[in-house]
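Next comes entry_37.txt, with compact mmCIF, C-alpha atoms.
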```
# COMPACT_ATOMS: atom_id res chain seq x y z
CA MET A 390 21.02 5.80 34.74
CA LYS A 391 22.93 5.80 31.46
CA ILE A 392 20.99 5.91 28.18
CA LEU A 393 23.02 5.19 25.06
CA ILE A 394 21.60 6.05 21.63
CA VAL A 395 23.30 4.44 18.65
CA GLY A 396 22.56 6.34 15.46
CA GLY A 397 22.24 10.05 14.74
CA GLY A 398 19.52 10.03 12.11
CA MET A 399 15.98 11.26 12.51
CA GLY A 400 14.91 8.73 15.16
CA GLY A 401 18.06 8.89 17.28
CA THR A 402 18.20 12.67 17.21
CA ILE A 403 14.55 13.22 18.11
CA LEU A 404 14.87 10.66 20.91
CA ALA A 405 18.02 12.26 22.32
CA ASN A 406 16.46 15.74 22.34
CA ASN A 407 13.19 14.42 23.74
CA LEU A 408 15.09 12.81 26.62
CA ALA A 409 17.26 15.87 27.22
CA ARG A 410 14.17 18.05 27.56
CA ARG A 411 12.20 15.64 29.73
CA LEU A 412 15.14 14.78 31.98
CA LYS A 413 16.80 18.18 32.06
CA ALA A 414 16.92 18.30 35.87
CA GLU A 415 18.21 14.73 36.21
CA ILE A 416 20.90 15.31 33.58
CA LYS A 417 21.95 18.51 35.34
CA ALA A 418 22.07 16.68 38.67
CA GLY A 419 24.14 13.90 37.13
CA THR A 420 21.67 11.10 37.91
CA VAL A 421 20.92 10.52 34.21
CA GLN A 422 23.41 10.54 31.32
CA VAL A 423 22.40 10.58 27.66
CA GLU A 424 25.05 9.71 25.09
CA MET A 425 24.81 9.43 21.32
CA LEU A 426 27.23 7.59 19.05
CA SER A 427 26.87 8.33 15.35
CA ALA A 428 28.68 7.45 12.16
CA SER A 429 28.69 11.06 10.91
CA ASP A 430 29.11 14.62 12.13
CA LYS A 431 26.40 15.63 9.64
CA HIS A 432 22.66 15.16 9.88
CA ALA A 433 20.90 14.59 6.57
CA TYR A 434 17.26 15.35 5.78
CA LEU A 435 16.80 12.34 3.53
CA PRO A 436 13.25 13.09 2.26
CA GLY A 437 14.79 16.09 0.50
CA LEU A 438 16.63 13.80 -1.92
CA LEU A 439 13.43 13.40 -3.96
CA TYR A 440 13.54 17.14 -4.61
CA VAL A 441 17.27 17.08 -5.38
CA ALA A 442 16.66 14.51 -8.12
CA LEU A 443 14.20 16.93 -9.73
CA GLY A 444 16.31 20.04 -9.25
CA ARG A 445 14.01 21.58 -6.67
CA MET A 446 16.41 21.49 -3.71
CA ALA A 447 20.16 21.81 -3.63
CA PRO A 448 22.14 19.10 -1.82
CA ALA A 449 23.61 21.64 0.61
CA GLU A 450 20.09 22.35 1.91
CA LEU A 451 19.83 18.81 3.24
CA TYR A 452 22.58 18.93 5.85
CA ARG A 453 23.24 20.42 9.28
CA ASP A 454 26.01 19.78 11.77
CA GLN A 455 24.71 17.05 14.02
CA ALA A 456 26.12 18.69 17.15
CA SER A 457 24.18 21.88 16.38
CA LEU A 458 20.89 19.94 16.54
CA LEU A 459 21.44 18.40 19.96
CA GLU A 460 20.29 19.82 23.27
CA PRO A 461 22.93 20.72 25.85
CA GLY A 462 23.65 17.80 28.14
CA ILE A 463 23.79 15.15 25.42
CA ALA A 464 27.26 13.64 25.06
CA PHE A 465 27.86 13.25 21.33
CA SER A 466 30.68 11.45 19.54
CA VAL A 467 31.31 10.59 15.93
CA ASP A 468 32.41 7.08 16.64
CA PRO A 469 30.25 4.36 15.12
CA VAL A 470 29.52 1.19 17.02
CA THR A 471 31.11 -1.96 15.65
CA GLU A 472 30.16 -4.49 18.33
CA PHE A 473 27.09 -4.89 20.52
CA ASP A 474 27.42 -7.03 23.65
CA LEU A 475 23.87 -7.03 24.91
CA ASP A 476 24.61 -9.53 27.69
CA THR A 477 27.11 -7.23 29.38
CA ASN A 478 25.32 -3.96 28.45
CA GLN A 479 28.15 -2.47 26.47
CA VAL A 480 29.19 -1.61 22.92
CA LYS A 481 32.56 -1.24 21.27
CA THR A 482 33.30 1.53 18.79
CA ARG A 483 35.46 1.94 15.74
CA GLY A 484 37.60 4.34 17.76
CA GLY A 485 38.38 1.61 20.29
CA ARG A 486 36.11 2.75 23.10
CA THR A 487 33.98 0.44 25.21
CA VAL A 488 30.79 2.21 26.25
CA GLY A 489 28.44 0.82 28.86
CA TYR A 490 24.76 1.59 29.35
CA ASP A 491 21.69 0.83 31.41
CA PHE A 492 19.34 1.40 28.48
CA LEU A 493 20.23 1.20 24.81
CA ALA A 494 18.30 2.63 21.85
CA ILE A 495 19.31 1.37 18.41
CA ALA A 496 18.45 3.70 15.52
CA THR A 497 21.00 2.85 12.87
CA GLY A 498 18.60 3.13 9.93
CA SER A 499 18.68 1.44 6.53
CA ARG A 500 20.47 1.59 3.20
CA ILE A 501 19.57 0.91 -0.39
CA TRP A 502 20.31 -2.56 -1.69
CA PRO A 503 20.15 -2.40 -5.49
CA GLU A 504 22.72 -5.20 -5.67
CA SER A 505 19.95 -7.61 -4.70
CA ILE A 506 18.65 -7.41 -8.28
CA PRO A 507 21.10 -8.34 -11.07
CA GLY A 508 21.72 -5.38 -13.36
CA LEU A 509 19.78 -2.84 -11.33
CA ALA A 510 22.66 -0.88 -9.76
CA GLU A 511 24.37 -0.39 -13.13
CA ASN A 512 21.30 0.52 -15.17
CA ALA A 513 18.81 2.37 -12.97
CA GLU A 514 18.58 5.87 -11.56
CA PHE A 515 17.93 6.27 -7.82
CA PHE A 516 17.31 9.22 -5.53
CA TYR A 517 18.12 7.69 -2.14
CA THR A 518 21.64 9.09 -1.80
CA GLU A 519 23.00 12.52 -2.69
CA GLU A 520 25.29 11.07 -5.34
CA THR A 521 22.56 9.08 -7.08
CA ALA A 522 20.00 11.89 -6.82
CA VAL A 523 22.40 14.34 -8.49
CA LYS A 524 23.20 11.76 -11.18
CA MET A 525 19.49 11.22 -11.79
CA LEU A 526 18.94 14.94 -12.25
CA GLY A 527 21.70 14.92 -14.87
CA ARG A 528 20.04 12.04 -16.72
CA LEU A 529 16.67 13.79 -16.66
CA ARG A 530 18.15 17.00 -18.04
CA GLU A 531 19.66 15.10 -20.97
CA PHE A 532 16.64 12.90 -21.62
CA GLN A 533 15.05 13.69 -24.99
CA GLY A 534 12.13 11.25 -24.87
CA GLY A 535 11.34 7.55 -24.83
CA LYS A 536 9.97 5.07 -22.34
CA VAL A 537 10.48 5.84 -18.65
CA VAL A 538 9.83 2.94 -16.28
CA VAL A 539 9.45 3.23 -12.52
CA ALA A 540 10.36 -0.03 -10.78
CA VAL A 541 9.96 -0.79 -7.07
CA GLY A 542 11.97 -3.12 -4.84
CA VAL A 543 10.80 -4.74 -1.59
CA PRO A 544 11.11 -3.70 1.18
CA HIS A 545 11.68 -0.01 0.52
CA LYS A 546 11.93 3.16 2.54
CA CYS A 547 9.30 5.88 2.10
CA PRO A 548 6.21 4.06 0.83
CA MET A 549 4.91 7.11 -1.01
CA ALA A 550 8.10 7.54 -3.05
CA PRO A 551 6.99 5.35 -6.01
CA LEU A 552 3.86 7.44 -6.55
CA GLU A 553 5.54 10.76 -5.81
CA ILE A 554 8.38 10.30 -8.27
CA THR A 555 5.94 9.06 -10.93
CA PHE A 556 3.60 12.05 -10.68
CA MET A 557 6.51 14.48 -10.34
CA LEU A 558 8.18 13.00 -13.41
CA ASP A 559 4.92 13.38 -15.32
CA ASP A 560 4.89 17.08 -14.41
CA TRP A 561 8.62 17.42 -15.17
CA PHE A 562 8.01 16.31 -18.75
CA ARG A 563 4.81 18.38 -19.11
CA GLU A 564 6.52 21.53 -17.84
CA ARG A 565 9.23 21.05 -20.45
CA GLY A 566 6.72 20.54 -23.26
CA MET A 567 7.90 17.01 -23.97
CA ARG A 568 5.24 14.81 -22.36
CA ASP A 569 4.11 13.66 -25.82
CA LYS A 570 7.59 12.25 -26.40
CA VAL A 571 7.54 10.23 -23.20
CA GLU A 572 5.80 6.99 -22.32
CA LEU A 573 5.64 6.81 -18.54
CA HIS A 574 5.15 3.30 -17.15
CA TYR A 575 4.68 2.52 -13.46
CA THR A 576 5.19 -0.93 -11.96
CA TYR A 577 4.31 -2.09 -8.46
CA PRO A 578 4.91 -5.30 -6.49
CA ILE A 579 1.35 -6.09 -5.35
CA GLY A 580 -2.01 -6.28 -7.08
CA ARG A 581 -2.89 -2.56 -7.00
CA THR A 582 -1.00 0.70 -7.52
CA HIS A 583 -0.21 1.24 -3.84
CA SER A 584 -0.12 -0.86 -0.69
CA LEU A 585 -2.66 1.43 1.00
CA GLU A 586 -5.98 0.57 -0.60
CA ASN A 587 -7.42 4.07 -0.19
CA VAL A 588 -4.28 5.60 -1.70
CA ALA A 589 -4.49 3.18 -4.63
CA LYS A 590 -8.14 4.20 -5.14
CA TRP A 591 -6.97 7.75 -5.64
CA ALA A 592 -3.72 6.99 -7.51
CA THR A 593 -5.08 4.63 -10.16
CA PRO A 594 -7.57 7.06 -11.78
CA GLU A 595 -4.96 9.82 -11.39
CA MET A 596 -2.53 7.75 -13.46
CA GLU A 597 -5.21 7.11 -16.06
CA ARG A 598 -6.04 10.82 -16.20
CA ARG A 599 -2.37 11.65 -16.77
CA GLY A 600 -1.85 8.93 -19.37
CA ILE A 601 0.54 6.94 -17.16
CA THR A 602 0.41 3.21 -17.88
CA TYR A 603 0.78 0.78 -14.99
CA GLU A 604 1.47 -2.85 -14.31
CA THR A 605 0.83 -4.54 -10.96
CA PHE A 606 2.24 -7.77 -9.48
CA PHE A 607 5.61 -6.73 -10.86
CA ASN A 608 8.52 -7.69 -8.60
CA LEU A 609 11.95 -6.96 -9.96
CA LYS A 610 13.91 -10.04 -10.94
CA GLU A 611 16.66 -8.70 -13.19
CA VAL A 612 17.62 -5.88 -15.52
CA ASP A 613 19.11 -6.70 -18.89
CA GLY A 614 21.05 -3.50 -19.54
CA ALA A 615 22.20 -4.56 -23.02
CA ARG A 616 18.65 -5.08 -24.26
CA LYS A 617 17.21 -2.41 -21.93
CA VAL A 618 14.63 -4.81 -20.60
CA LEU A 619 13.30 -5.28 -17.10
CA LYS A 620 12.07 -8.72 -16.01
CA SER A 621 9.74 -9.55 -13.15
CA GLU A 622 9.44 -12.54 -10.80
CA GLU A 623 5.93 -13.01 -12.14
CA GLY A 624 7.15 -13.51 -15.71
CA GLY A 625 6.53 -9.97 -16.93
CA GLU A 626 8.92 -8.09 -19.16
CA THR A 627 9.04 -4.43 -20.09
CA SER A 628 11.49 -2.36 -22.10
CA TYR A 629 12.82 1.01 -20.98
CA ASP A 630 14.91 3.92 -22.16
CA LEU A 631 15.21 5.43 -18.70
CA LEU A 632 14.80 3.24 -15.64
CA VAL A 633 14.01 4.93 -12.32
CA SER A 634 13.98 2.63 -9.33
CA ILE A 635 12.97 2.70 -5.72
CA PRO A 636 15.38 -0.09 -4.77
CA ALA A 637 15.00 -2.67 -2.04
CA HIS A 638 16.48 -1.68 1.30
CA LYS A 639 18.22 -3.53 4.10
CA GLY A 640 19.34 -2.59 7.57
CA MET A 641 22.88 -1.51 8.36
CA ALA A 642 25.75 -3.97 8.15
CA VAL A 643 26.64 -3.62 11.84
CA ILE A 644 23.25 -5.09 12.78
CA GLU A 645 23.77 -8.13 10.57
CA GLU A 646 27.40 -8.55 11.63
CA ASN A 647 26.34 -8.64 15.26
CA LYS A 648 23.54 -11.10 14.45
CA LEU A 649 20.89 -8.80 15.88
CA GLY A 650 18.50 -9.35 12.99
CA GLN A 651 18.25 -10.88 9.52
CA ASN A 652 18.99 -8.38 6.76
CA GLY A 653 19.69 -5.78 9.43
CA TRP A 654 16.11 -5.59 10.75
CA ILE A 655 15.91 -6.15 14.52
CA PRO A 656 12.94 -8.18 15.86
CA THR A 657 11.00 -5.60 17.86
CA ASP A 658 7.88 -5.69 20.02
CA ARG A 659 5.22 -3.68 18.19
CA GLU A 660 3.93 -1.83 21.26
CA SER A 661 6.81 -1.50 23.72
CA LEU A 662 9.39 -1.05 20.93
CA LYS A 663 11.79 -3.20 22.94
CA MET A 664 14.03 -5.59 21.09
CA GLN A 665 12.43 -9.00 21.45
CA GLY A 666 13.94 -10.81 24.41
CA ARG A 667 15.68 -7.71 25.79
CA GLU A 668 14.18 -5.56 28.54
CA ASN A 669 16.68 -2.70 28.28
CA VAL A 670 17.11 -2.41 24.50
CA PHE A 671 14.78 -0.25 22.39
CA VAL A 672 14.68 -0.13 18.61
CA LEU A 673 13.25 2.62 16.43
CA GLY A 674 12.94 3.87 12.89
CA ASP A 675 13.94 1.81 9.89
CA THR A 676 15.92 -0.57 12.12
CA THR A 677 12.86 -2.44 13.45
CA ASN A 678 11.32 -5.42 11.70
CA LEU A 679 7.82 -4.07 12.35
CA PRO A 680 5.34 -4.42 9.47
CA ILE A 681 4.86 -0.67 9.16
CA SER A 682 6.18 2.02 6.85
CA LYS A 683 9.88 2.77 6.92
CA ALA A 684 9.38 6.52 7.04
CA GLY A 685 10.69 9.50 8.97
CA SER A 686 7.38 10.02 10.71
CA THR A 687 7.47 6.45 12.00
CA ALA A 688 10.87 7.12 13.58
CA HIS A 689 9.57 10.42 14.96
CA PHE A 690 6.47 8.95 16.63
CA GLU A 691 8.42 5.96 17.94
CA ALA A 692 11.09 8.29 19.38
CA GLU A 693 8.42 10.21 21.30
CA VAL A 694 7.04 7.00 22.82
CA ILE A 695 10.49 5.70 23.79
CA GLY A 696 11.48 9.12 25.15
CA GLU A 697 8.40 9.33 27.34
CA ASN A 698 8.88 5.76 28.53
CA LEU A 699 12.57 6.11 29.34
CA ALA A 700 11.84 9.33 31.25
CA ALA A 701 9.09 7.52 33.16
CA ILE A 702 11.44 4.64 33.92
CA ALA A 703 14.05 7.10 35.19
CA ARG A 704 11.54 8.81 37.46
CA ARG A 705 9.03 6.14 38.41
CA GLY A 706 10.58 2.86 37.38
CA ALA A 707 8.04 1.88 34.72
CA PRO A 708 7.01 2.88 31.19
CA VAL A 709 3.73 4.69 30.56
CA ARG A 710 2.99 4.54 26.81
CA ARG A 711 2.52 2.04 24.05
CA TYR A 712 3.23 2.71 20.39
CA ASP A 713 0.02 2.48 18.36
CA GLY A 714 1.65 2.14 14.93
CA LYS A 715 1.13 5.79 14.02
CA VAL A 716 2.55 6.89 10.65
CA PHE A 717 2.03 10.15 8.75
CA CYS A 718 3.15 10.53 5.15
CA PHE A 719 2.84 13.46 2.83
CA ILE A 720 2.10 12.42 -0.75
CA GLU A 721 3.31 14.76 -3.48
CA ALA A 722 0.78 14.40 -6.29
CA GLY A 723 2.81 16.26 -8.88
CA SER A 724 4.79 19.47 -8.90
CA ASP A 725 2.16 21.66 -7.21
CA ARG A 726 -0.35 19.56 -5.29
CA ALA A 727 -0.12 17.11 -2.40
CA THR A 728 -2.16 15.11 0.06
CA TYR A 729 -1.30 12.95 3.06
CA ALA A 730 -2.01 9.60 4.69
CA MET A 731 -2.16 9.05 8.43
CA PHE A 732 -2.78 5.66 9.96
CA THR A 733 -2.13 3.36 12.94
CA TYR A 734 -2.20 -0.40 13.54
CA THR A 735 -6.00 -0.22 13.73
CA GLN A 736 -7.04 2.85 11.71
CA PRO A 737 -6.52 2.84 7.94
CA PRO A 738 -5.80 6.13 6.20
CA ASP A 739 -8.36 8.10 4.27
CA PRO A 740 -6.43 10.51 2.04
CA ARG A 741 -8.23 13.58 0.74
CA GLU A 742 -8.09 15.10 -2.73
CA PRO A 743 -4.63 16.70 -3.25
CA THR A 744 -4.44 20.47 -2.80
CA ARG A 745 -1.92 23.23 -3.36
CA ALA A 746 -2.10 24.07 0.35
CA ILE A 747 -0.82 20.64 1.41
CA HIS A 748 1.94 20.87 -1.18
CA TRP A 749 3.07 24.19 0.24
CA PHE A 750 2.87 22.77 3.74
CA LYS A 751 5.14 19.91 2.62
CA LEU A 752 7.63 22.42 1.23
CA ALA A 753 7.43 24.31 4.51
CA TYR A 754 8.00 21.08 6.42
CA ASN A 755 11.19 20.54 4.42
CA GLN A 756 12.49 23.54 6.40
CA LEU A 757 10.51 22.95 9.60
CA TYR A 758 12.17 19.54 9.84
CA TRP A 759 15.12 21.09 11.62
CA ALA A 760 12.82 22.21 14.42
CA SER A 761 11.36 18.73 14.47
CA ALA A 762 14.79 17.11 14.81
CA ARG A 763 15.54 19.46 17.70
CA GLY A 764 12.42 18.17 19.44
CA LEU A 765 10.52 21.45 19.10
CA LEU A 766 7.80 20.33 16.65
CA MET B 1073 5.26 -27.57 11.12
CA ALA B 1074 7.56 -26.38 13.90
CA ASP B 1075 10.08 -24.47 11.80
CA ARG B 1076 7.57 -22.58 9.67
CA LYS B 1077 8.63 -18.92 9.65
CA LEU B 1078 5.94 -16.65 11.04
CA ILE B 1079 5.28 -13.23 9.52
CA ASP B 1080 3.19 -11.21 11.92
CA ALA B 1081 1.64 -8.60 9.62
CA ARG B 1082 -1.40 -7.87 11.77
CA GLY B 1083 -2.22 -4.18 11.69
CA SER B 1084 -0.04 -3.60 8.65
CA PHE B 1085 -1.77 -1.21 6.26
CA CYS B 1086 1.51 -0.15 4.69
CA PRO B 1087 3.54 -1.95 3.44
CA GLY B 1088 0.84 -4.55 4.10
CA PRO B 1089 0.84 -8.33 4.57
CA LEU B 1090 1.57 -9.22 0.94
CA MET B 1091 4.56 -6.88 0.72
CA GLU B 1092 5.83 -8.34 4.01
CA LEU B 1093 5.50 -11.82 2.52
CA ILE B 1094 7.31 -10.83 -0.68
CA ALA B 1095 10.21 -9.45 1.38
CA ALA B 1096 10.32 -12.52 3.62
CA MET B 1097 10.12 -14.93 0.68
CA LYS B 1098 13.41 -13.59 -0.65
CA MET B 1099 15.12 -14.41 2.63
CA VAL B 1100 14.26 -18.11 2.83
CA PRO B 1101 15.50 -21.01 0.70
CA VAL B 1102 13.32 -22.83 -1.83
CA GLY B 1103 11.15 -25.39 -0.05
CA ASP B 1104 10.73 -23.42 3.17
CA GLU B 1105 7.29 -22.70 4.54
CA LEU B 1106 6.01 -19.39 5.87
CA GLU B 1107 2.82 -18.38 7.64
CA VAL B 1108 1.44 -14.86 7.31
CA LEU B 1109 -0.82 -13.44 10.02
CA SER B 1110 -3.05 -10.72 8.64
CA SER B 1111 -5.91 -8.72 10.13
CA ASP B 1112 -6.95 -7.69 6.61
CA ARG B 1113 -9.62 -9.89 5.06
CA GLY B 1114 -8.30 -8.94 1.61
CA SER B 1115 -5.08 -10.86 2.25
CA ALA B 1116 -7.01 -14.13 1.98
CA SER B 1117 -7.53 -13.53 -1.73
CA GLU B 1118 -4.65 -11.17 -2.57
CA ILE B 1119 -1.86 -13.42 -1.26
CA PRO B 1120 -2.97 -16.61 -3.09
CA GLN B 1121 -3.38 -14.53 -6.24
CA TRP B 1122 0.26 -13.40 -6.03
CA LEU B 1123 1.48 -16.90 -5.12
CA LYS B 1124 -0.10 -18.23 -8.29
CA LYS B 1125 1.44 -15.51 -10.46
CA ALA B 1126 4.89 -15.87 -8.88
CA GLY B 1127 4.84 -19.68 -8.95
CA HIS B 1128 4.81 -20.36 -5.22
CA GLU B 1129 2.59 -22.75 -3.32
CA HIS B 1130 -0.49 -21.89 -1.26
CA LEU B 1131 -0.79 -24.48 1.51
CA GLY B 1132 -3.98 -23.19 3.09
CA THR B 1133 -5.82 -20.36 4.81
CA SER B 1134 -7.73 -20.29 8.07
CA GLU B 1135 -9.36 -17.54 10.10
CA GLU B 1136 -9.34 -17.24 13.86
CA GLY B 1137 -10.71 -14.28 15.78
CA GLY B 1138 -10.38 -11.85 12.89
CA VAL B 1139 -6.84 -12.95 12.02
CA TRP B 1140 -6.17 -14.78 8.78
CA HIS B 1141 -3.41 -17.41 8.83
CA ILE B 1142 -2.09 -17.96 5.31
CA ARG B 1143 0.42 -20.77 4.88
CA VAL B 1144 2.72 -20.80 1.88
CA ARG B 1145 5.80 -22.57 0.52
CA ARG B 1146 8.56 -21.03 -1.55
CA ALA B 1147 8.56 -23.15 -4.67
CA ARG B 1148 11.32 -21.66 -6.82
```
Produce structure tokens that represent the structure in this file.
Amino acid sequence: MKILIVGGGMGGTILANNLARRLKAEIKAGTVQVEMLSASDKHAYLPGLLYVALGRMAPAELYRDQASLLEPGIAFSVDPVTEFDLDTNQVKTRGGRTVGYDFLAIATGSRIWPESIPGLAENAEFFYTEETAVKMLGRLREFQGGKVVVAVGVPHKCPMAPLEITFMLDDWFRERGMRDKVELHYTYPIGRTHSLENVAKWATPEMERRGITYETFFNLKEVDGARKVLKSEEGGETSYDLLVSIPAHKGMAVIEENKLGQNGWIPTDRESLKMQGRENVFVLGDTTNLPISKAGSTAHFEAEVIGENLAAIARRGAPVRRYDGKVFCFIEAGSDRATYAMFTYTQPPDPREPTRAIHWFKLAYNQLYWASARGLL
Amino acid sequence: MADRKLIDARGSFCPGPLMELIAAMKMVPVGDELEVLSSDRGSASEIPQWLKKAGHEHLGTSEEGGVWHIRVRRAR
């Protein structure tokens, strides 16, 4: 049985290691093969970019050699897939290889799409890539005061990022003794300050306490860089001196090019995590079109379900688990406190009051992540 | 309507049915209809509220077995 994993991000890596541990004997005996094809020889801890943008982590801390994270027995190549032929159970790679499989897991992830909003890419600061996070840090260091606007695209990766960057920016300016020179304005696409109602119930009074103004039902339409004005689909308009954006995301180009899903999101069964209409293709992480958070924890929990099911298929011929929609997100509530939200398809989250302990645990997790990627945590 | 795009947002606490609709609305041409399935009672008021603000059309809402079906049309 040959299992091919396309994508070496969080989901693909956790899945590969999960399989290698569960099927160690079968891999050793040669009855199961696990292969990973990735676009990079590096593995990036993307949640760390938020800290890079605020000077609290160095870019070099975010990377490890991908091969060093993988269990023995996993065949790994830096050779991204360019073509999927799901009818013949094979893919073609940029390097010219044709790779067959019995089961395929697609975990190619997502990318920012600021170009979807006229003027956004040229005028806003982002923290979703190393380059843009470092540039944002430079802008913040030079910023002498004025109106800072946080603007949010849809859909976006890491649902807590809009709140986290807002509260962390508030503390950034306070710690530098310049909060009185800054007007901090938060905008959000729906009718409250966060999609999770219980999180919004906590975040809204927290913004009021900190003197952060907010505007809801604000969906980015365009940025007029000459006038430094942001316009919304709902007819709103707000000026800015520094624009920080959580841009809209889309799936990877190879998914769209192969017509596997509109905007790069693959239609996926919410419980089996199989691609709709395909019995031997699984999808995980940002790549799915599921109506749940595009977050690392989502990829992690999905990888565990798929790993257990593929191992069960290899041994007993049938899957044993269903994904329940579990997501866990830390929420940084400033520079020294944090809380978290955990929820499933049926259980809403109930975040507690932020504490220093959770913040320190989040900082610890930034390092523990490497154990998580290896399938140890 | 046979070609109405279905957005199955049942069980979606985050990003939630409205955010799913906003994302989907950008991907269809003006005039197309969409139907959101939501298990959150709040969607029945929140989604029409946004449609009004954003200038889109609310075609109707019905509830069946704890699932709200909200039909909309992209108007601009």
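Our summary of the geometry notes that atom CA of A:Tyr577 is positioned 6.8 Å from atom CA of A:Ala540.
Across the structure, atom CA of A:Val588 and atom CA of A:Cys718 are spaced 11.2 Å apart.
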Open item on the list: For a quick test of understanding: name the residues of chain B lying within 6 Å of chain A when counting all atoms listed in the file, and present them as a PyMOL selection string.
Closed with: chain B and resi 1081+1083-1087+1095+1125-1126
In terms of only C-alpha atoms, the residue from A:Ala550, A:Val633, A:Leu439, A:Ala701 at minimal distance from A:Glu514 is A:Val633
Test item: axis-aligned box, all listed atoms of stretch 1119-1127 of chain B, 8 Å on each side, centre and edges in Å rounded to one decimal, as AutoDock Vina command-line options:
```
--center_x 0.8 --center_y -16.5 --center_z -5.9 --size_x 24.3 --size_y 22.3 --size_z 25.2
```
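Counting all atoms listed in the file, A:Glu553 has the following residues at most 9 Å away, ignoring those fewer than 5 positions along the same chain: Leu439, Leu558, Ile720, Glu721, Ala722 and Gly723 of chain A.
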